[in-house]
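Content type compact mmCIF, C-alpha atoms and all ligand atoms, from the file input.txt:
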# COMPACT_ATOMS: atom_id res chain seq x y z
CA MET S 1385 94.93 116.55 79.28
CA ASN S 1386 94.60 119.57 81.50
CA LYS S 1387 91.22 121.05 81.15
CA ASN S 1388 89.52 123.56 83.40
CA TYR S 1389 86.22 121.96 84.23
CA VAL S 1390 83.30 124.04 85.48
CA VAL S 1391 82.37 121.09 87.68
CA PRO S 1392 85.56 119.18 88.54
CA TRP S 1393 85.54 115.59 89.73
CA GLY S 1394 86.97 116.82 93.01
CA LYS S 1395 90.30 117.64 94.53
CA ARG S 1396 89.26 116.49 98.00
CA GLY S 1397 86.57 114.29 99.42
CA SER S 1398 86.13 116.15 102.67
CA VAL S 1399 86.26 119.64 104.11
CA LEU S 1400 89.20 120.81 106.21
CA ALA S 1401 88.89 124.13 108.01
CA ALA S 1402 89.45 125.92 111.31
CA PRO S 1403 88.88 122.94 113.67
CA GLU S 1404 91.46 120.84 111.81
CA ILE S 1405 93.97 123.71 111.83
CA SER S 1406 93.42 124.37 115.50
CA VAL S 1407 94.00 120.75 116.48
CA LEU S 1408 97.24 120.77 114.49
CA THR S 1409 98.31 124.00 116.17
CA GLU S 1410 97.61 122.43 119.53
CA LEU S 1411 99.70 119.41 118.60
CA VAL S 1412 102.65 121.36 117.23
CA GLU S 1413 102.78 124.07 119.86
CA GLY S 1414 102.03 121.73 122.75
CA GLY S 1415 105.32 119.94 122.19
CA GLN S 1416 103.60 116.55 122.40
CA PRO S 1417 105.09 113.55 120.62
CA LEU S 1418 104.23 113.36 116.93
CA SER S 1419 104.00 109.59 116.97
CA MET S 1420 102.68 107.05 119.47
CA GLY S 1421 101.05 109.71 121.61
CA THR S 1422 97.47 109.84 122.79
CA TRP S 1423 95.74 111.15 119.65
CA ARG S 1424 95.92 107.79 117.95
CA ASP S 1425 94.25 106.03 120.89
CA ARG S 1426 91.53 108.65 121.08
CA PHE S 1427 90.82 108.47 117.36
CA GLU S 1428 90.66 104.68 117.47
CA ARG S 1429 88.34 104.65 120.49
CA ALA S 1430 86.00 107.22 118.93
CA PHE S 1431 86.04 105.36 115.63
CA ALA S 1432 85.24 101.99 117.20
CA ASP S 1433 82.39 103.58 119.17
CA LEU S 1434 81.04 105.23 116.05
CA VAL S 1435 80.91 102.10 113.91
CA GLY S 1436 79.97 99.84 116.80
CA SER S 1437 82.98 97.55 116.82
CA ARG S 1438 84.99 96.36 119.82
CA HIS S 1439 88.34 97.31 118.28
CA ALA S 1440 89.71 99.85 115.82
CA ILE S 1441 93.34 99.73 114.72
CA SER S 1442 94.61 102.68 112.71
CA VAL S 1443 97.23 102.37 109.98
CA THR S 1444 98.80 104.50 107.26
CA SER S 1445 96.40 103.72 104.40
CA GLY S 1446 93.36 101.76 103.32
CA THR S 1447 95.65 99.52 101.30
CA VAL S 1448 97.71 98.61 104.37
CA ALA S 1449 94.48 98.10 106.32
CA LEU S 1450 93.41 95.56 103.69
CA GLU S 1451 96.81 93.84 103.65
CA LEU S 1452 96.81 93.42 107.42
CA ALA S 1453 93.13 92.50 107.67
CA ILE S 1454 93.58 89.83 104.99
CA GLU S 1455 96.52 88.51 107.03
CA MET S 1456 94.03 87.79 109.83
CA LEU S 1457 92.20 85.34 107.55
CA ASP S 1458 95.12 82.89 107.88
CA LEU S 1459 94.87 81.91 104.24
CA GLN S 1460 96.82 78.91 102.97
CA ALA S 1461 97.83 78.08 99.43
CA GLY S 1462 94.95 76.25 97.77
CA ASP S 1463 92.26 78.00 99.83
CA GLU S 1464 89.52 79.77 97.95
CA VAL S 1465 88.35 83.35 98.46
CA ILE S 1466 85.24 84.85 96.90
CA ALA S 1467 85.55 88.52 95.96
CA THR S 1468 83.65 91.24 94.19
CA PRO S 1469 85.18 92.28 90.86
CA GLN S 1470 83.68 95.78 91.03
CA THR S 1471 86.09 97.57 93.37
CA TYR S 1472 89.43 99.35 93.54
CA GLN S 1473 92.35 96.99 93.08
CA ALA S 1474 93.58 97.34 96.67
CA THR S 1475 90.62 95.25 97.86
CA VAL S 1476 91.81 92.09 96.14
CA GLN S 1477 95.48 92.64 95.31
CA PRO S 1478 96.84 91.33 98.64
CA LEU S 1479 95.35 87.94 97.74
CA LEU S 1480 97.99 87.59 95.02
CA ASP S 1481 100.56 86.92 97.76
CA TYR S 1482 98.84 83.90 99.28
CA GLY S 1483 98.58 81.40 96.44
CA VAL S 1484 94.82 81.24 96.94
CA ARG S 1485 92.22 80.68 94.25
CA VAL S 1486 90.05 83.76 93.86
CA ARG S 1487 86.49 83.26 92.63
CA PHE S 1488 85.12 86.57 91.43
CA CYS S 1489 81.42 86.78 92.24
CA ASP S 1490 79.14 88.68 89.91
CA ILE S 1491 77.35 91.81 91.11
CA GLU S 1492 73.76 93.05 91.33
CA PRO S 1493 72.88 95.28 88.38
CA GLY S 1494 71.13 97.91 90.51
CA THR S 1495 73.78 98.39 93.19
CA LEU S 1496 77.10 97.14 91.75
CA ASN S 1497 77.51 95.17 94.98
CA LEU S 1498 78.35 91.50 95.34
CA ASP S 1499 75.20 89.55 94.45
CA PRO S 1500 74.07 87.37 97.38
CA ALA S 1501 72.24 85.09 94.93
CA ALA S 1502 75.45 84.40 93.01
CA LEU S 1503 77.49 83.88 96.16
CA GLU S 1504 76.25 80.49 97.28
CA SER S 1505 77.03 78.71 94.01
CA LEU S 1506 80.71 79.70 94.28
CA ILE S 1507 81.20 78.19 97.72
CA THR S 1508 83.19 74.98 97.96
CA ALA S 1509 84.74 73.04 100.84
CA ARG S 1510 87.88 75.16 100.39
CA THR S 1511 86.21 78.58 100.62
CA ARG S 1512 87.64 80.56 103.51
CA ALA S 1513 86.54 84.14 103.02
CA VAL S 1514 84.37 86.62 101.18
CA LEU S 1515 85.71 90.08 100.30
CA LEU S 1516 83.17 92.74 99.42
CA VAL S 1517 82.90 96.48 99.08
CA HIS S 1518 79.96 98.81 99.68
CA TYR S 1519 80.31 100.24 96.20
CA GLY S 1520 80.37 104.02 96.17
CA GLY S 1521 78.85 103.99 99.67
CA CYS S 1522 75.80 101.93 98.70
CA PRO S 1523 75.51 99.25 101.41
CA ALA S 1524 75.74 95.63 100.26
CA GLU S 1525 72.92 93.27 101.27
CA MET S 1526 74.71 92.19 104.42
CA ASP S 1527 71.86 90.18 105.99
CA GLN S 1528 71.78 87.79 103.07
CA ILE S 1529 75.55 87.67 102.61
CA MET S 1530 76.21 87.06 106.31
CA SER S 1531 73.58 84.36 106.54
CA VAL S 1532 75.14 82.45 103.62
CA ALA S 1533 78.62 82.96 105.11
CA ARG S 1534 77.56 81.85 108.60
CA ARG S 1535 75.91 78.74 107.22
CA HIS S 1536 79.21 77.75 105.59
CA GLY S 1537 81.59 78.97 108.30
CA ILE S 1538 83.17 81.60 106.05
CA THR S 1539 84.79 84.84 107.25
CA VAL S 1540 83.56 88.07 105.67
CA LEU S 1541 85.65 91.19 105.14
CA GLU S 1542 83.91 94.44 104.23
CA ASP S 1543 85.97 97.10 102.48
CA CYS S 1544 84.33 100.27 103.81
CA ALA S 1545 86.58 102.72 101.94
CA HIS S 1546 83.46 104.35 100.47
CA ALA S 1547 81.00 103.63 103.22
CA GLN S 1548 81.92 106.17 105.88
CA GLY S 1549 78.56 107.75 106.69
CA ALA S 1550 76.43 104.93 105.27
CA LYS S 1551 74.00 102.83 107.31
CA TYR S 1552 72.47 99.38 106.92
CA ARG S 1553 69.40 98.63 109.04
CA GLY S 1554 70.49 101.46 111.32
CA ARG S 1555 74.02 100.07 111.75
CA ARG S 1556 77.20 101.43 110.31
CA PRO S 1557 79.45 99.54 107.92
CA GLY S 1558 82.51 98.49 109.90
CA SER S 1559 80.47 96.28 112.21
CA LEU S 1560 78.40 94.38 109.66
CA ALA S 1561 80.89 91.56 108.97
CA ASP S 1562 83.80 89.87 110.76
CA ILE S 1563 86.43 92.45 109.90
CA ALA S 1564 86.32 95.76 108.04
CA THR S 1565 88.73 98.25 106.55
CA PHE S 1566 88.49 101.99 105.95
CA SER S 1567 90.52 104.49 103.95
CA PHE S 1568 91.04 108.13 104.89
CA GLN S 1569 92.82 108.94 101.66
CA ASN S 1570 92.35 112.42 100.23
CA ALA S 1571 89.34 111.52 98.08
CA LYS S 1572 87.39 109.62 100.74
CA ASN S 1573 84.46 110.98 102.77
CA ILE S 1574 86.70 111.93 105.67
CA THR S 1575 90.47 112.24 105.51
CA THR S 1576 93.42 112.09 107.91
CA LEU S 1577 95.41 114.73 106.02
CA GLY S 1578 95.59 112.80 102.76
CA GLU S 1579 96.47 109.24 103.75
CA GLY S 1580 95.30 106.87 106.45
CA GLY S 1581 93.32 103.75 107.16
CA MET S 1582 91.52 101.78 109.88
CA ILE S 1583 90.65 98.17 110.63
CA THR S 1584 87.58 97.40 112.77
CA PHE S 1585 86.49 94.07 114.28
CA ASP S 1586 85.48 92.44 117.58
CA ARG S 1587 88.04 89.67 118.13
CA ASP S 1588 90.56 90.30 120.92
CA ASP S 1589 93.16 87.95 119.42
CA TRP S 1590 93.09 89.94 116.18
CA ALA S 1591 93.59 93.15 118.18
CA GLU S 1592 96.73 91.75 119.69
CA ARG S 1593 98.08 90.45 116.37
CA LEU S 1594 97.27 93.60 114.44
CA ASP S 1595 98.76 95.85 117.07
CA ARG S 1596 102.03 93.94 116.75
CA LEU S 1597 101.97 93.79 112.96
CA ARG S 1598 101.65 97.53 112.47
CA SER S 1599 104.65 98.22 114.68
CA ASN S 1600 107.64 96.19 113.60
CA GLU S 1601 106.92 93.26 115.84
CA VAL S 1602 106.44 89.82 114.41
CA ASP S 1603 103.09 88.09 114.42
CA ALA S 1604 103.85 84.76 116.04
CA GLU S 1605 102.38 82.19 118.33
CA ILE S 1606 104.65 82.28 121.34
CA ASP S 1607 104.55 80.01 124.40
CA GLN S 1608 103.13 81.84 127.38
CA GLN S 1609 106.35 81.17 129.25
CA TYR S 1610 108.06 83.69 126.99
CA TRP S 1611 106.34 86.46 128.87
CA THR S 1612 106.91 85.31 132.42
CA GLY S 1613 110.16 87.22 132.80
CA VAL S 1614 108.51 90.46 131.78
CA ASP S 1615 106.31 90.51 134.82
CA GLU S 1616 109.20 90.17 137.26
CA PRO S 1617 109.97 93.29 139.28
CA VAL S 1618 112.43 95.53 137.47
CA VAL S 1619 114.44 98.47 138.68
CA LEU S 1620 114.47 100.41 135.43
CA PRO S 1621 112.17 99.70 132.48
CA TRP S 1622 114.93 98.51 130.16
CA MET S 1623 116.08 95.93 132.69
CA LYS S 1624 113.20 93.69 131.64
CA TYR S 1625 115.12 93.04 128.46
CA SER S 1626 117.34 90.44 130.00
CA ALA S 1627 118.68 87.62 127.87
CA SER S 1628 116.59 85.13 129.80
CA VAL S 1629 113.39 86.76 128.69
CA TYR S 1630 114.22 86.21 125.04
CA THR S 1631 113.73 82.50 124.66
CA ASP S 1632 113.14 80.40 121.56
CA ARG S 1633 109.55 79.67 122.37
CA VAL S 1634 108.05 80.79 119.10
CA ARG S 1635 105.84 77.97 117.91
CA ARG S 1636 104.79 79.48 114.62
CA LEU S 1637 105.92 82.64 112.92
CA ARG S 1638 103.11 84.04 110.82
CA ARG S 1639 104.40 87.29 109.46
CA ALA S 1640 106.99 89.94 110.10
CA GLY S 1641 105.61 93.24 111.28
CA THR S 1642 105.91 96.56 109.55
CA ASN S 1643 105.67 100.18 110.56
CA ALA S 1644 102.19 101.30 109.63
CA THR S 1645 101.67 103.60 112.61
CA MET S 1646 99.32 106.50 112.02
CA SER S 1647 101.01 109.77 112.93
CA GLU S 1648 99.59 111.90 115.72
CA ALA S 1649 98.84 114.69 113.25
CA ALA S 1650 96.81 112.34 111.07
CA ALA S 1651 94.97 110.89 114.07
CA ALA S 1652 94.21 114.33 115.53
CA VAL S 1653 92.74 115.48 112.22
CA GLY S 1654 90.86 112.19 111.94
CA LEU S 1655 89.25 112.75 115.32
CA VAL S 1656 88.08 116.21 114.26
CA GLN S 1657 86.88 114.85 110.93
CA LEU S 1658 84.58 112.43 112.75
CA ASP S 1659 82.70 115.46 114.09
CA ARG S 1660 82.43 116.73 110.55
CA LEU S 1661 81.02 113.51 109.16
CA GLU S 1662 77.39 114.59 109.36
CA GLU S 1663 78.07 117.90 107.64
CA VAL S 1664 79.99 116.21 104.83
CA GLU S 1665 77.28 113.58 104.44
CA ARG S 1666 74.54 116.21 104.26
CA ALA S 1667 76.43 117.94 101.46
CA ARG S 1668 76.88 114.69 99.51
CA ARG S 1669 73.25 113.64 99.99
CA SER S 1670 71.91 116.98 98.89
CA ILE S 1671 73.94 116.88 95.66
CA ALA S 1672 72.80 113.30 95.07
CA ALA S 1673 69.16 114.33 95.61
CA ARG S 1674 69.59 117.08 93.03
CA ILE S 1675 70.97 114.63 90.47
CA ASP S 1676 68.24 112.09 91.30
CA GLU S 1677 65.66 114.76 90.58
CA VAL S 1678 67.07 115.47 87.13
CA LEU S 1679 67.42 111.78 86.25
CA GLY S 1680 63.82 111.24 87.38
CA GLY S 1681 62.72 113.04 84.25
CA TYR S 1682 64.29 110.50 81.90
CA SER S 1683 63.60 106.81 81.59
CA PHE S 1684 66.82 105.81 79.83
CA VAL S 1685 69.18 106.62 82.72
CA THR S 1686 68.64 105.15 86.20
CA PRO S 1687 70.48 105.90 89.40
CA GLN S 1688 72.11 103.23 91.56
CA SER S 1689 69.47 102.10 94.05
CA ALA S 1690 70.50 101.44 97.64
CA PRO S 1691 68.50 98.84 99.60
CA ALA S 1692 65.38 100.41 101.14
CA HIS S 1693 66.59 99.67 104.66
CA SER S 1694 69.91 101.49 104.11
CA GLU S 1695 71.46 104.93 103.77
CA HIS S 1696 73.86 105.63 100.93
CA SER S 1697 76.96 107.68 101.80
CA TYR S 1698 77.42 108.91 98.21
CA HIS S 1699 81.15 108.58 98.04
CA LEU S 1700 80.36 108.10 94.37
CA TYR S 1701 77.20 109.06 92.51
CA THR S 1702 76.54 106.27 90.04
CA CYS S 1703 73.95 105.84 87.32
CA PHE S 1704 73.34 103.51 84.41
CA ALA S 1705 72.37 104.29 80.83
CA GLN S 1706 70.15 101.89 78.94
CA THR S 1707 72.63 101.38 76.09
CA GLN S 1708 76.29 101.89 75.45
CA GLU S 1709 75.56 104.49 72.79
CA LEU S 1710 73.55 106.57 75.24
CA ARG S 1711 76.21 106.18 77.93
CA ASP S 1712 79.03 107.23 75.65
CA GLN S 1713 77.06 110.15 74.21
CA LEU S 1714 76.16 111.35 77.68
CA LEU S 1715 79.81 111.14 78.76
CA LEU S 1716 80.95 113.20 75.80
CA SER S 1717 78.16 115.69 76.13
CA LEU S 1718 78.84 116.33 79.82
CA ASP S 1719 82.55 116.64 79.18
CA ARG S 1720 81.88 119.19 76.45
CA ARG S 1721 79.78 121.17 78.90
CA GLY S 1722 82.62 121.24 81.42
CA VAL S 1723 81.49 118.47 83.75
CA GLN S 1724 84.34 116.14 84.60
CA ILE S 1725 83.39 112.47 84.52
CA GLU S 1726 85.39 109.56 85.85
CA LEU S 1727 84.54 105.89 85.69
CA ARG S 1728 85.21 103.78 88.79
CA TYR S 1729 86.35 100.89 88.64
CA PHE S 1730 87.58 98.65 85.86
CA PRO S 1731 86.44 95.06 86.64
CA GLN S 1732 89.22 93.46 88.64
CA HIS S 1733 89.10 90.04 86.99
CA LEU S 1734 90.06 91.65 83.68
CA LEU S 1735 93.25 93.28 84.99
CA PRO S 1736 96.52 91.71 83.83
CA GLU S 1737 97.48 90.33 87.24
CA TRP S 1738 94.27 88.31 87.36
CA ARG S 1739 94.17 87.35 83.69
CA HIS S 1740 97.60 85.91 84.29
CA GLN S 1741 95.89 83.52 86.71
CA GLY S 1742 93.33 82.45 84.14
CA HIS S 1743 90.60 84.98 84.84
CA GLY S 1744 88.97 86.73 81.92
CA PRO S 1745 85.91 87.96 80.04
CA GLY S 1746 82.66 86.11 80.61
CA GLU S 1747 83.41 85.36 84.24
CA CYS S 1748 81.18 88.11 85.64
CA PRO S 1749 78.79 89.07 82.82
CA VAL S 1750 76.82 91.65 84.82
CA ALA S 1751 79.94 93.46 86.02
CA GLU S 1752 81.31 93.48 82.47
CA ARG S 1753 78.11 94.70 80.82
CA LEU S 1754 77.63 97.50 83.35
CA TRP S 1755 81.21 98.69 83.06
CA PHE S 1756 81.62 98.54 79.30
CA GLU S 1757 78.12 99.70 78.34
CA GLN S 1758 76.11 101.39 81.04
CA HIS S 1759 78.03 102.69 84.02
CA LEU S 1760 78.63 106.39 84.72
CA ASN S 1761 79.89 108.31 87.78
CA LEU S 1762 79.06 111.99 88.24
CA PRO S 1763 80.91 114.52 90.44
CA CYS S 1764 79.46 114.46 93.97
CA HIS S 1765 81.58 115.89 96.76
CA PRO S 1766 81.37 118.67 99.39
CA GLY S 1767 83.91 120.81 97.54
CA LEU S 1768 81.28 121.77 94.96
CA THR S 1769 79.77 125.23 95.45
CA GLY S 1770 76.05 125.87 95.17
CA SER S 1771 76.46 127.33 91.71
CA GLN S 1772 78.58 124.37 90.58
CA VAL S 1773 75.81 122.03 91.73
CA ASP S 1774 73.27 124.16 89.85
CA TYR S 1775 75.46 124.00 86.78
CA LEU S 1776 75.85 120.23 87.10
CA ALA S 1777 72.08 119.71 87.35
CA ASP S 1778 71.48 121.99 84.41
CA ALA S 1779 74.21 120.51 82.22
CA LEU S 1780 72.95 117.01 82.96
CA ASP S 1781 69.40 118.02 82.13
CA HIS S 1782 70.44 119.63 78.84
CA SER S 1783 72.57 116.66 77.84
CA LEU S 1784 69.79 114.19 78.60
CA ALA S 1785 67.20 116.28 76.81
CA GLU S 1786 69.46 116.40 73.77
CA LEU S 1787 69.89 112.62 73.79
CA ASN S 1788 66.18 112.20 74.25
CA GLY S 1789 65.48 114.38 71.24
CA SER S 1790 63.34 116.66 73.44
CA PRO S 1791 63.05 120.27 72.34
CA SER S 1792 63.82 121.66 75.81
CA PRO S 1793 64.92 120.33 79.16
CA ARG S 1794 62.52 119.83 82.03
CA PHE S 1795 64.57 122.06 84.29
CA SER S 1796 66.44 125.17 83.52
CA VAL S 1797 68.60 126.82 86.12
CA ALA S 1798 71.28 128.72 84.32
C1 LIG S 1801 90.65 104.11 98.20
C2 LIG S 1801 90.30 102.67 98.28
C3 LIG S 1801 91.16 101.72 98.87
C4 LIG S 1801 92.57 102.03 99.24
O1 LIG S 1801 92.74 103.01 100.16
P1 LIG S 1801 94.09 103.89 100.21
O2 LIG S 1801 93.93 104.61 101.51
O3 LIG S 1801 94.08 104.79 99.03
O4 LIG S 1801 95.24 102.96 100.22
C5 LIG S 1801 90.71 100.43 99.00
N1 LIG S 1801 89.51 100.06 98.55
C6 LIG S 1801 88.67 100.92 97.94
C7 LIG S 1801 87.35 100.44 97.47
C8 LIG S 1801 89.05 102.25 97.78
O5 LIG S 1801 88.24 103.10 97.15

Could you express the structure from this file as structure tokens?
Amino acid sequence: MNKNYVVPWGKRGSVLAAPEISVLTELVEGGQPLSMGTWRDRFERAFADLVGSRHAISVTSGTVALELAIEMLDLQAGDEVIATPQTYQATVQPLLDYGVRVRFCDIEPGTLNLDPAALESLITARTRAVLLVHYGGCPAEMDQIMSVARRHGITVLEDCAHAQGAKYRGRRPGSLADIATFSFQNAKNITTLGEGGMITFDRDDWAERLDRLRSNEVDAEIDQQYWTGVDEPVVLPWMKYSASVYTDRVRRLRRAGTNATMSEAAAAVGLVQLDRLEEVERARRSIAARIDEVLGGYSFVTPQSAPAHSEHSYHLYTCFAQTQELRDQLLLSLDRRGVQIELRYFPQHLLPEWRHQGHGPGECPVAERLWFEQHLNLPCHPGLTGSQVDYLADALDHSLAELNGSPSPRFSVA
């Protein structure tokens, strides 16, 4: 259905303006290469410095970032991986390729994040990794999760697709676990012209493997001797490619590479978008504060509550109604008033690809109850004008007052 909403869900997650255009002009008119130039390196360095990781490897999407990051876990058939069910499917879908057993871990009702208390009981001798997301930009309780994981020698991957701009105990997601992935897709808090992704981590061996994997080189363990010929003096660069250099000293081939190289245009825009991060975050936080204020007047709808020692990045504004009837009524009422609502995300363990593996209802009762009965996402993005935000606050207030049976709303803006 094509409907003209007064307050649309959002065509873009970030703002692109003169600085982005000027960097693209510089790139195009400067005659620099459009791939494998210096912009990618600069973006990666700036990104790693920002999140506080040793390495940042850029790729073409958040999905590819997850695929390649999961490859670093060296999963074998029969291994077990614990994952949150409340995320976008790209977080867990790569696991389908490894023949691993996925144990979906239930979530905390207040945050929608993987519940540290539920985590420990799912760990077995075969558990290799934990996959989590900072839902909507609300940081997961990383101290507790990492301490459980460390105790059991388990690797933790944080999907930070929503968490650009968030903080946990003063640190940025992307350096809170062993390996992290980001998305710069159109809807995310910053974008590299519509598609893009990043992997951040500290391990040097992963940097080497990931750099090969994203560029059509195989990921293999190769005897050191393989490389000796390369260091010999050469007259012209291509002369190093002598037949003697190419030996059969591959001990183990892990995976064929792919071409997931971020283009120079995307990287250049990404670098400029990093400077814009604070501005975009301010806009998101101020809309969220407005919605919080309205919800504060009603006891039957509560906002998602980030841990006290964290900062929410408000990729999504999420709240919970006390009952399904109230949730559904509120949805309909806001839609009627021209506020576009979307629900993110359907619990992963109930999707066909996971049901096929024996997953199903009852596995994560909290995630199921929240999704089917209580969960609601409201528009919250920097593309909203001041008057759209006013309208949103007012429409929400009127809808809630109506559901509450109150004669008039607490606030009135319009
Ligand atoms: C958007 C998103 C992804 C995938 O990123 P793309 O860049 O769209 O491939 C992965 N995980 C989560 C939680 C996301 O929201």

Distance of atom CA of S:Met1646 from atom CA of S:Val1443, expressed in Å to one decimal place
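About the pair atom CA of S:Val1443 and atom CA of S:Met1646: they are 5.1 Å apart.
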
What is the atom CA of S:Arg1556-atom CA of S:Leu1434 distance in Å, reported with one decimal?
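Atom CA of S:Arg1556 sits 7.9 Å away from atom CA of S:Leu1434.
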
Taking into account only C-alpha atoms, which residue in the set S:Ser1559, S:Thr1495, S:Ser1783, S:Ser1599 is nearest to S:Asp1433?
S:Ser1559

Excluding S:Pro1763 and its own-chain neighbours fewer than 5 positions away, which residues fall within 9 Å of it when counting all atoms listed in the file? Please give them as JSON, numbers by chain.
{"S": [1391, 1392, 1393, 1394, 1700, 1701, 1723, 1724, 1725, 1726, 1768, 1776]}

Can I get the residues close to ligand LIG 1801 (chain S) as a PyMOL selection string, where close means within 6 Å and we count all atoms listed in the file?
chain S and resi 1445-1447+1471-1472+1474-1475+1545-1546+1567-1569+1579-1581

Selection near S:Asp1490, 8 Å with all atoms listed in the file, sequence-local residues under 4 positions removed, as a PDB file with C-alpha atoms, in the frame of the given file:
ATOM      1  CA  THR S1468      83.650  91.240  94.190  1.00  0.00           C
ATOM      2  CA  PRO S1469      85.180  92.280  90.860  1.00  0.00           C
ATOM      3  CA  LEU S1498      78.350  91.500  95.340  1.00  0.00           C
ATOM      4  CA  ASP S1499      75.200  89.550  94.450  1.00  0.00           C
ATOM      5  CA  ALA S1502      75.450  84.400  93.010  1.00  0.00           C
ATOM      6  CA  GLU S1747      83.410  85.360  84.240  1.00  0.00           C
ATOM      7  CA  CYS S1748      81.180  88.110  85.640  1.00  0.00           C
ATOM      8  CA  PRO S1749      78.790  89.070  82.820  1.00  0.00           C
ATOM      9  CA  VAL S1750      76.820  91.650  84.820  1.00  0.00           C
ATOM     10  CA  ALA S1751      79.940  93.460  86.020  1.00  0.00           C
TER      11      ALA S1751
END

Give me, as JSON, numbers by chain, all polymer residues having an atom no more than 9 Å from S:Gln1548, counting all atoms listed in the file and skipping those fewer than 2 positions away in the same chain.
{"S": [1521, 1544, 1545, 1546, 1550, 1551, 1556, 1557, 1558, 1566, 1567, 1572, 1573, 1574, 1661, 1665, 1697, 1699]}

Taking (74.0, 119.7, 87.9) in the coordinates of the supplied file, I want to know which residues reach to within 12 Å of it, counting all atoms listed in the file; could you give the answer as a PyMOL selection string?
chain S and resi 1390-1392+1670-1679+1718+1721-1724+1762-1764+1768-1784+1795-1798

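Counting from atom CA of S:Leu1710, the distance to atom CA of S:Ala1785 is 11.7 Å.
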
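If you measure from each of S:Glu1752, S:Asp1712, S:Glu1451, S:Asp1607 to S:Ile1583 using all atoms listed in the file, the closest one turns out to be S:Glu1451.
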
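Distances here use all atoms listed in the file; by that measure, the residue among S:Glu1601, S:Glu1428, S:Asp1632, S:Glu1413 closest to S:Ala1650 is S:Glu1428.
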
I need the residue nearest S:Trp1738 from this list: S:Val1619, S:Val1486, S:Leu1503, S:Val1435. Use all atoms listed in the file for the distance.
S:Val1486

Using all atoms of stretch 1484-1497 of chain S that appear in the file, construct an axis-aligned enclosing box with 6 Å of padding on every side and provide its centre coordinates and edge lengths in Å, rounded to one decimal, as AutoDock Vina command-line options.
--center_x 83.0 --center_y 89.5 --center_z 92.7 --size_x 35.7 --size_y 29.7 --size_z 20.6
